[in-house]
Amino acid sequence: MIFRQLFDAASSTYTYLLGDGGAALLIDPVYEHVPRDLALVEELGLQLIATLDTHVHADHVTGAWRMHQRCGSAIAVAEAAGTTLATRPLRHGDRIRFGSRHLDVRATPGHTDGCLTYVLDDESMAFTGDSLLIRGCGRTDFQHGSAPRLFASVREQILTLPADCLLYPAHDYRGVTVTSVAEERRYNPRLGGEVDVGDFTGYMNALNLPHPKMLAQAVPANLRCGQPEDGAPAPDVPAWAPLTLRFSGVWEIEPLALLEHAAQVQILDVREAPEFIDKLGHLPNARLIPLSQLGAHLAELDRDRPIVTVCRAGIRSAQACVLLAKEGFAQVANLAGGMLRWKIEGLPVASEPERHSA
């Protein structure tokens with residue numbers, strides 16, 4: 001089974017990818033990271049069959065609807081959450097299959113009334129959302145939260161799993177990535193040890209936490225499963241050329257696409273000067289600025305025109321894309337496979353230095 005844990009720094013949200021037999025599930029996707037997550041699904045050779053939200057989040061917008069628009073994945077969320085646009089409302093006891101594996105659905109309300117925990121078929125791991133965090137739990141003071149219900153949910157549905165079952169929460173604000181049933185039974189200060197429902201309820205009622213900053217925006221959007229209010233899909237791909245986003249975060253352009261759009265872009269070769277005129281040659285109208293010198297020549301580049309970076313195999317040019325993006329260049333792509341791919345595909349090359357080389 002394929003398992004990946006992804007992270008959104010803005011909301012400290014974990015997204016989880018599970019794959020088997022070419023099929024994949026994505027738990028708690030974040031709207032802004034849909035292109036990243038789809039790139040990973042594609043690179044791993046998977047087909048996303050469903051997104052699963054553990055609850056209606058108040059601190060970020062789900063990527064469920066956006067994923068559905070891109071690849072037709074089912075939108076699975078608790079029926080009790082009262083969302084619109086969900087294509088698979090879930091109840092306690094439901095089973096979600098992917099390849100030869102499945103997740104069992106357990107209702108764990110209390111943080112919200114629509115919280116779910118997803119348990120892997122062999123009970124080796126579970127995805128607890130905000131019902132149980134690492135050494136903590138979600139708040140119970142809004143979205144129909146209830147401290148007694150959360151106490152019962154965690155004690156009866158999560159901490160009854162095998163002691164070595166790994167628990168993966170929806171958030172962690174300290175950078176901790178995983179815990180276990182045994183650890184939380186013993187060390188969770190709110191729900192472990194000899195704590196009873198009275199202790200827990202008194203503790204939760206005294207938290208007096210401020211509301212999440214995204215509450216007013218996130219909850220209405222998540223009740224629509226992440227659909228924007230105007231219903232318009234977000235642009236996932238830049239419009240200036242057909243590009244592919246890699247999981248590394250770098251956009252790539254295929255050689256034939258660059259040939260077609262060459263007149264509209266700045267072609268930046270970041271190899272060293274001797275390589276520019278070696279047997280591979282260089283692209284017509286390419287400008288040579290070695291990667292080691294790129295930082296000193298940024299002012300010479302047109303920020304309003306797209307830039308395609310080029311090197312021998314696409315490694316140094318990918319690094320150049322990252323550097324340019326950090327410097328505020330918004331339209332940057334890497335030539336997939338570099339000059340090696342360009343030459344193999346028999347596309348035109350030049351061998352003399354261009355007039356404007358650095």
# chains A, B, ... in the order shown; residues from 1 in each chain; ligands from 1
$ closest_atom_pairs --of "stretch 168-249 of chain A" --to "stretch 310-326 of chain A" --cutoff "12 Å" --atoms "only C-alpha atoms" --output "CSV"
residue,atom,partner,partner_atom,distance
A:Leu245,CA,A:Ala318,CA,11.7
A:Arg246,CA,A:Ala318,CA,10.4
A:Ser248,CA,A:Ala318,CA,9.3
A:Gly249,CA,A:Val322,CA,8.3
$ residues_around --residues "A:Glu229" --least-positions-apart "5" --cutoff "9 Å" --atoms "only C-alpha atoms" --output "ChimeraX atom specification"
/A:220-221,224
$ residues_around --residues "A:Ser73" --least-positions-apart "4" --cutoff "7 Å" --atoms "only C-alpha atoms" --output "list in words"
Leu48, Ile49, Ala50, Thr51, Met67 and His68 of chain A
$ write_last_selection --atoms "N, CA and C atoms" --output "mmCIF file, in the first residue's frame"
data_model
loop_
_atom_site.group_PDB
_atom_site.id
_atom_site.type_symbol
_atom_site.label_atom_id
_atom_site.label_comp_id
_atom_site.auth_asym_id
_atom_site.auth_seq_id
_atom_site.Cartn_x
_atom_site.Cartn_y
_atom_site.Cartn_z
ATOM 1 N N LEU A 48 -7.281 8.847 -8.598
ATOM 2 C CA LEU A 48 -7.977 9.283 -7.392
ATOM 3 C C LEU A 48 -9.453 8.947 -7.532
ATOM 4 N N ILE A 49 -9.953 8.075 -6.644
ATOM 5 C CA ILE A 49 -11.353 7.676 -6.746
ATOM 6 C C ILE A 49 -12.245 8.422 -5.761
ATOM 7 N N ALA A 50 -11.660 8.980 -4.687
ATOM 8 C CA ALA A 50 -12.494 9.713 -3.730
ATOM 9 C C ALA A 50 -11.643 10.597 -2.836
ATOM 10 N N THR A 51 -12.230 11.716 -2.415
ATOM 11 C CA THR A 51 -11.674 12.511 -1.329
ATOM 12 C C THR A 51 -12.564 12.314 -0.111
ATOM 13 N N MET A 67 -11.078 18.851 -6.594
ATOM 14 C CA MET A 67 -10.608 17.552 -7.076
ATOM 15 C C MET A 67 -11.676 16.885 -7.939
ATOM 16 N N HIS A 68 -12.919 16.962 -7.499
ATOM 17 C CA HIS A 68 -14.023 16.373 -8.259
ATOM 18 C C HIS A 68 -14.106 16.987 -9.656
#
$ select_by_dssp --residues "stretch 187-290 of chain A" --states "alpha helix (DSSP H)" --output "number ranges by chain"
A: 187, 197-205, 215-223, 255-261, 273-276
$ write_last_selection --atoms "N, CA and C atoms" --output "compact mmCIF listing (two decimals), in the first residue's frame"
# COMPACT_ATOMS: atom_id res chain seq x y z
N TYR A 187 -0.81 9.04 27.78
CA TYR A 187 -0.23 10.38 27.94
C TYR A 187 -1.13 11.53 27.54
N VAL A 197 -15.39 11.78 32.36
CA VAL A 197 -16.13 12.73 31.55
C VAL A 197 -16.30 14.06 32.26
N GLY A 198 -16.40 14.05 33.58
CA GLY A 198 -16.51 15.31 34.33
C GLY A 198 -15.23 16.12 34.24
N ASP A 199 -14.07 15.44 34.40
CA ASP A 199 -12.79 16.14 34.26
C ASP A 199 -12.68 16.77 32.88
N PHE A 200 -13.01 15.96 31.86
CA PHE A 200 -12.86 16.42 30.48
C PHE A 200 -13.79 17.59 30.18
N THR A 201 -15.03 17.47 30.56
CA THR A 201 -16.00 18.53 30.29
C THR A 201 -15.61 19.82 30.99
N GLY A 202 -15.18 19.74 32.23
CA GLY A 202 -14.73 20.94 32.94
C GLY A 202 -13.55 21.60 32.27
N TYR A 203 -12.61 20.78 31.82
CA TYR A 203 -11.43 21.30 31.13
C TYR A 203 -11.83 22.00 29.83
N MET A 204 -12.65 21.34 28.99
CA MET A 204 -13.01 21.90 27.70
C MET A 204 -13.84 23.16 27.84
N ASN A 205 -14.72 23.21 28.83
CA ASN A 205 -15.57 24.40 29.01
C ASN A 205 -14.79 25.61 29.50
N LEU A 215 -12.82 31.06 10.16
CA LEU A 215 -14.13 30.48 10.46
C LEU A 215 -15.22 30.97 9.52
N ALA A 216 -15.34 32.29 9.36
CA ALA A 216 -16.44 32.86 8.57
C ALA A 216 -16.34 32.50 7.10
N GLN A 217 -15.13 32.26 6.60
CA GLN A 217 -14.97 31.90 5.20
C GLN A 217 -14.99 30.38 5.00
N ALA A 218 -14.32 29.66 5.90
CA ALA A 218 -14.12 28.24 5.69
C ALA A 218 -15.39 27.42 5.88
N VAL A 219 -16.14 27.67 6.95
CA VAL A 219 -17.29 26.82 7.22
C VAL A 219 -18.34 26.90 6.10
N PRO A 220 -18.77 28.10 5.65
CA PRO A 220 -19.73 28.12 4.54
C PRO A 220 -19.20 27.44 3.28
N ALA A 221 -17.91 27.66 2.97
CA ALA A 221 -17.33 27.02 1.79
C ALA A 221 -17.30 25.51 1.94
N ASN A 222 -16.98 25.02 3.14
CA ASN A 222 -16.90 23.57 3.35
C ASN A 222 -18.27 22.92 3.42
N LEU A 223 -19.30 23.68 3.77
CA LEU A 223 -20.66 23.15 3.67
C LEU A 223 -21.07 22.97 2.21
N PRO A 255 8.93 19.62 -24.89
CA PRO A 255 9.68 20.24 -25.99
C PRO A 255 8.80 20.74 -27.15
N LEU A 256 7.84 19.95 -27.58
CA LEU A 256 7.01 20.38 -28.72
C LEU A 256 6.16 21.59 -28.35
N ALA A 257 5.71 21.66 -27.10
CA ALA A 257 4.93 22.82 -26.66
C ALA A 257 5.80 24.07 -26.64
N LEU A 258 7.07 23.92 -26.21
CA LEU A 258 7.97 25.07 -26.23
C LEU A 258 8.25 25.52 -27.66
N LEU A 259 8.44 24.58 -28.57
CA LEU A 259 8.66 24.94 -29.98
C LEU A 259 7.51 25.78 -30.49
N GLU A 260 6.30 25.42 -30.11
CA GLU A 260 5.11 26.15 -30.59
C GLU A 260 5.02 27.54 -29.96
N HIS A 261 5.47 27.70 -28.73
CA HIS A 261 5.31 28.97 -28.01
C HIS A 261 6.62 29.75 -27.88
N ALA A 273 29.15 28.28 -20.05
CA ALA A 273 29.39 28.76 -21.41
C ALA A 273 29.89 27.67 -22.37
N PRO A 274 30.86 26.81 -21.98
CA PRO A 274 31.31 25.79 -22.94
C PRO A 274 30.20 24.82 -23.34
N GLU A 275 29.27 24.55 -22.44
CA GLU A 275 28.17 23.63 -22.76
C GLU A 275 27.22 24.22 -23.80
N PHE A 276 27.13 25.54 -23.81
CA PHE A 276 26.19 26.23 -24.67
C PHE A 276 26.48 25.96 -26.15
$ atom_distance --atom1 "atom CA of A:Arg271" --atom2 "atom CA of A:Leu291"
6.6 Å
$ atom_distance --atom1 "atom CA of A:Ile267" --atom2 "atom CA of A:Pro290"
12.7 Å
$ closest_residue --among "A:Leu85, A:Ala286, A:Ala239, A:Leu150" --to "A:Asp269" --atoms "only C-alpha atoms"
A:Ala286
$ closest_residue --among "A:Arg174, A:Arg66, A:His282, A:Arg97" --to "A:Leu38" --atoms "only C-alpha atoms"
A:Arg66
$ atom_distance --atom1 "atom CA of A:Gly110" --atom2 "atom CA of A:Leu17"
25.3 Å
$ residues_around --residues "A:Leu298" --least-positions-apart "4" --cutoff "10 Å" --atoms "only C-alpha atoms" --output "PyMOL selection string"
chain A and resi 289+293-294+302-303+324+327+329
$ residues_around --residues "stretch 53-65 of chain A" --least-positions-apart "5" --cutoff "9 Å" --atoms "only C-alpha atoms" --output "VMD selection string"
chain A and resid 10 to 11 13 26 to 34 70 73 to 78 81 83 85 to 86 111 to 118 127 to 131 143 170 211 to 219 221 to 228
$ residues_around --residues "A:Ala262" --least-positions-apart "6" --cutoff "12 Å" --atoms "only C-alpha atoms" --output "CSV table (one decimal) with N, CA and C atoms, in the first residue's frame"
chain,number,residue,atom,x,y,z
A,240,TRP,N,-0.4,30.6,-20.3
A,240,TRP,CA,0.4,31.0,-21.4
A,240,TRP,C,1.0,29.9,-22.2
A,241,ALA,N,0.9,28.6,-21.7
A,241,ALA,CA,1.4,27.5,-22.4
A,241,ALA,C,0.8,26.2,-21.7
A,253,ILE,N,7.4,22.3,-19.2
A,253,ILE,CA,6.8,22.4,-20.5
A,253,ILE,C,7.5,21.3,-21.4
A,254,GLU,N,6.7,20.6,-22.2
A,254,GLU,CA,7.2,19.6,-23.1
A,254,GLU,C,7.9,20.3,-24.3
A,255,PRO,N,8.9,19.6,-24.9
A,255,PRO,CA,9.7,20.2,-26.0
A,255,PRO,C,8.8,20.7,-27.1
A,256,LEU,N,7.8,19.9,-27.6
A,256,LEU,CA,7.0,20.4,-28.7
A,256,LEU,C,6.2,21.6,-28.3
A,268,LEU,N,15.8,30.8,-21.4
A,268,LEU,CA,17.0,31.0,-20.5
A,268,LEU,C,17.8,29.7,-20.3
A,283,LEU,N,19.0,26.1,-27.8
A,283,LEU,CA,17.8,26.4,-28.5
A,283,LEU,C,18.0,27.7,-29.3
A,284,PRO,N,17.4,27.9,-30.4
A,284,PRO,CA,17.5,29.1,-31.1
A,284,PRO,C,16.9,30.2,-30.3
A,285,ASN,N,17.5,31.4,-30.2
A,285,ASN,CA,17.1,32.6,-29.5
A,285,ASN,C,17.2,32.4,-28.0
A,286,ALA,N,17.9,31.3,-27.5
A,286,ALA,CA,18.2,31.2,-26.1
A,286,ALA,C,19.2,32.2,-25.6
A,305,ARG,N,7.0,38.8,-19.3
A,305,ARG,CA,7.0,37.7,-20.3
A,305,ARG,C,7.4,36.4,-19.6
A,306,PRO,N,6.7,35.3,-20.0
A,306,PRO,CA,7.1,34.0,-19.4
A,306,PRO,C,8.5,33.6,-19.7
A,307,ILE,N,9.1,32.8,-18.8
A,307,ILE,CA,10.5,32.4,-18.9
A,307,ILE,C,10.5,30.9,-18.9
A,308,VAL,N,11.2,30.3,-19.9
A,308,VAL,CA,11.5,28.8,-19.9
A,308,VAL,C,13.0,28.6,-19.6
A,309,THR,N,13.3,27.9,-18.6
A,309,THR,CA,14.7,27.6,-18.3
A,309,THR,C,15.1,26.3,-18.9
A,335,LEU,N,12.1,23.3,-19.0
A,335,LEU,CA,12.0,22.4,-20.2
A,335,LEU,C,12.2,21.0,-19.8
A,348,PRO,N,15.0,21.8,-33.7
A,348,PRO,CA,16.1,22.6,-34.2
A,348,PRO,C,17.0,23.1,-33.1
$ decode --residues "stretch 108-173 of chain A" --atoms "C-alpha atoms" --output "CSV table (one decimal), in the first residue's frame"
chain,number,residue,atom,x,y,z
A,108,THR,CA,-16.8,10.3,16.3
A,109,PRO,CA,-18.9,13.4,16.9
A,110,GLY,CA,-18.1,16.0,19.6
A,111,HIS,CA,-15.7,18.4,18.0
A,112,THR,CA,-18.5,18.9,15.4
A,113,ASP,CA,-21.6,16.8,14.9
A,114,GLY,CA,-20.2,15.4,11.6
A,115,CYS,CA,-16.8,14.1,12.6
A,116,LEU,CA,-15.6,10.8,11.3
A,117,THR,CA,-12.6,8.6,11.9
A,118,TYR,CA,-11.3,6.4,9.1
A,119,VAL,CA,-9.7,3.1,10.2
A,120,LEU,CA,-7.6,1.0,7.8
A,121,ASP,CA,-8.9,-2.6,7.3
A,122,ASP,CA,-6.1,-4.2,9.4
A,123,GLU,CA,-6.5,-1.6,12.2
A,124,SER,CA,-2.8,-0.7,11.8
A,125,MET,CA,-3.6,3.0,11.3
A,126,ALA,CA,-6.5,5.4,11.8
A,127,PHE,CA,-7.2,9.0,10.6
A,128,THR,CA,-8.8,10.8,13.5
A,129,GLY,CA,-9.4,14.3,12.1
A,130,ASP,CA,-9.8,16.7,15.0
A,131,SER,CA,-11.5,14.2,17.3
A,132,LEU,CA,-8.2,13.1,18.7
A,133,LEU,CA,-5.0,15.2,18.2
A,134,ILE,CA,-1.6,14.3,19.4
A,135,ARG,CA,-1.8,14.8,23.1
A,136,GLY,CA,-4.9,16.8,22.7
A,137,CYS,CA,-8.3,17.0,20.9
A,138,GLY,CA,-10.4,19.4,18.9
A,139,ARG,CA,-12.4,22.2,20.6
A,140,THR,CA,-16.1,21.6,21.5
A,141,ASP,CA,-17.5,25.2,21.7
A,142,PHE,CA,-19.0,25.7,18.2
A,143,GLN,CA,-20.4,23.8,15.2
A,144,HIS,CA,-22.7,21.8,17.5
A,145,GLY,CA,-19.7,20.6,19.5
A,146,SER,CA,-20.2,18.7,22.8
A,147,ALA,CA,-17.6,17.7,25.3
A,148,PRO,CA,-19.5,14.7,26.7
A,149,ARG,CA,-20.0,13.4,23.1
A,150,LEU,CA,-16.4,13.9,22.2
A,151,PHE,CA,-15.2,12.1,25.3
A,152,ALA,CA,-17.5,9.1,24.5
A,153,SER,CA,-16.4,9.1,20.8
A,154,VAL,CA,-12.7,9.0,21.6
A,155,ARG,CA,-12.9,6.5,24.4
A,156,GLU,CA,-15.3,4.1,22.6
A,157,GLN,CA,-14.3,4.4,18.9
A,158,ILE,CA,-10.6,5.4,18.8
A,159,LEU,CA,-8.9,4.3,22.1
A,160,THR,CA,-10.5,0.9,21.8
A,161,LEU,CA,-8.3,0.2,18.7
A,162,PRO,CA,-5.2,-2.0,19.1
A,163,ALA,CA,-2.5,-0.4,21.3
A,164,ASP,CA,0.0,-0.3,18.3
A,165,CYS,CA,-2.5,1.3,15.9
A,166,LEU,CA,-0.9,4.5,14.6
A,167,LEU,CA,-3.1,7.6,14.8
A,168,TYR,CA,-2.9,10.4,12.2
A,169,PRO,CA,-4.7,13.6,13.1
A,170,ALA,CA,-5.9,16.4,10.8
A,171,HIS,CA,-3.6,18.9,12.4
A,172,ASP,CA,-0.5,19.4,14.6
A,173,TYR,CA,0.8,22.8,15.5
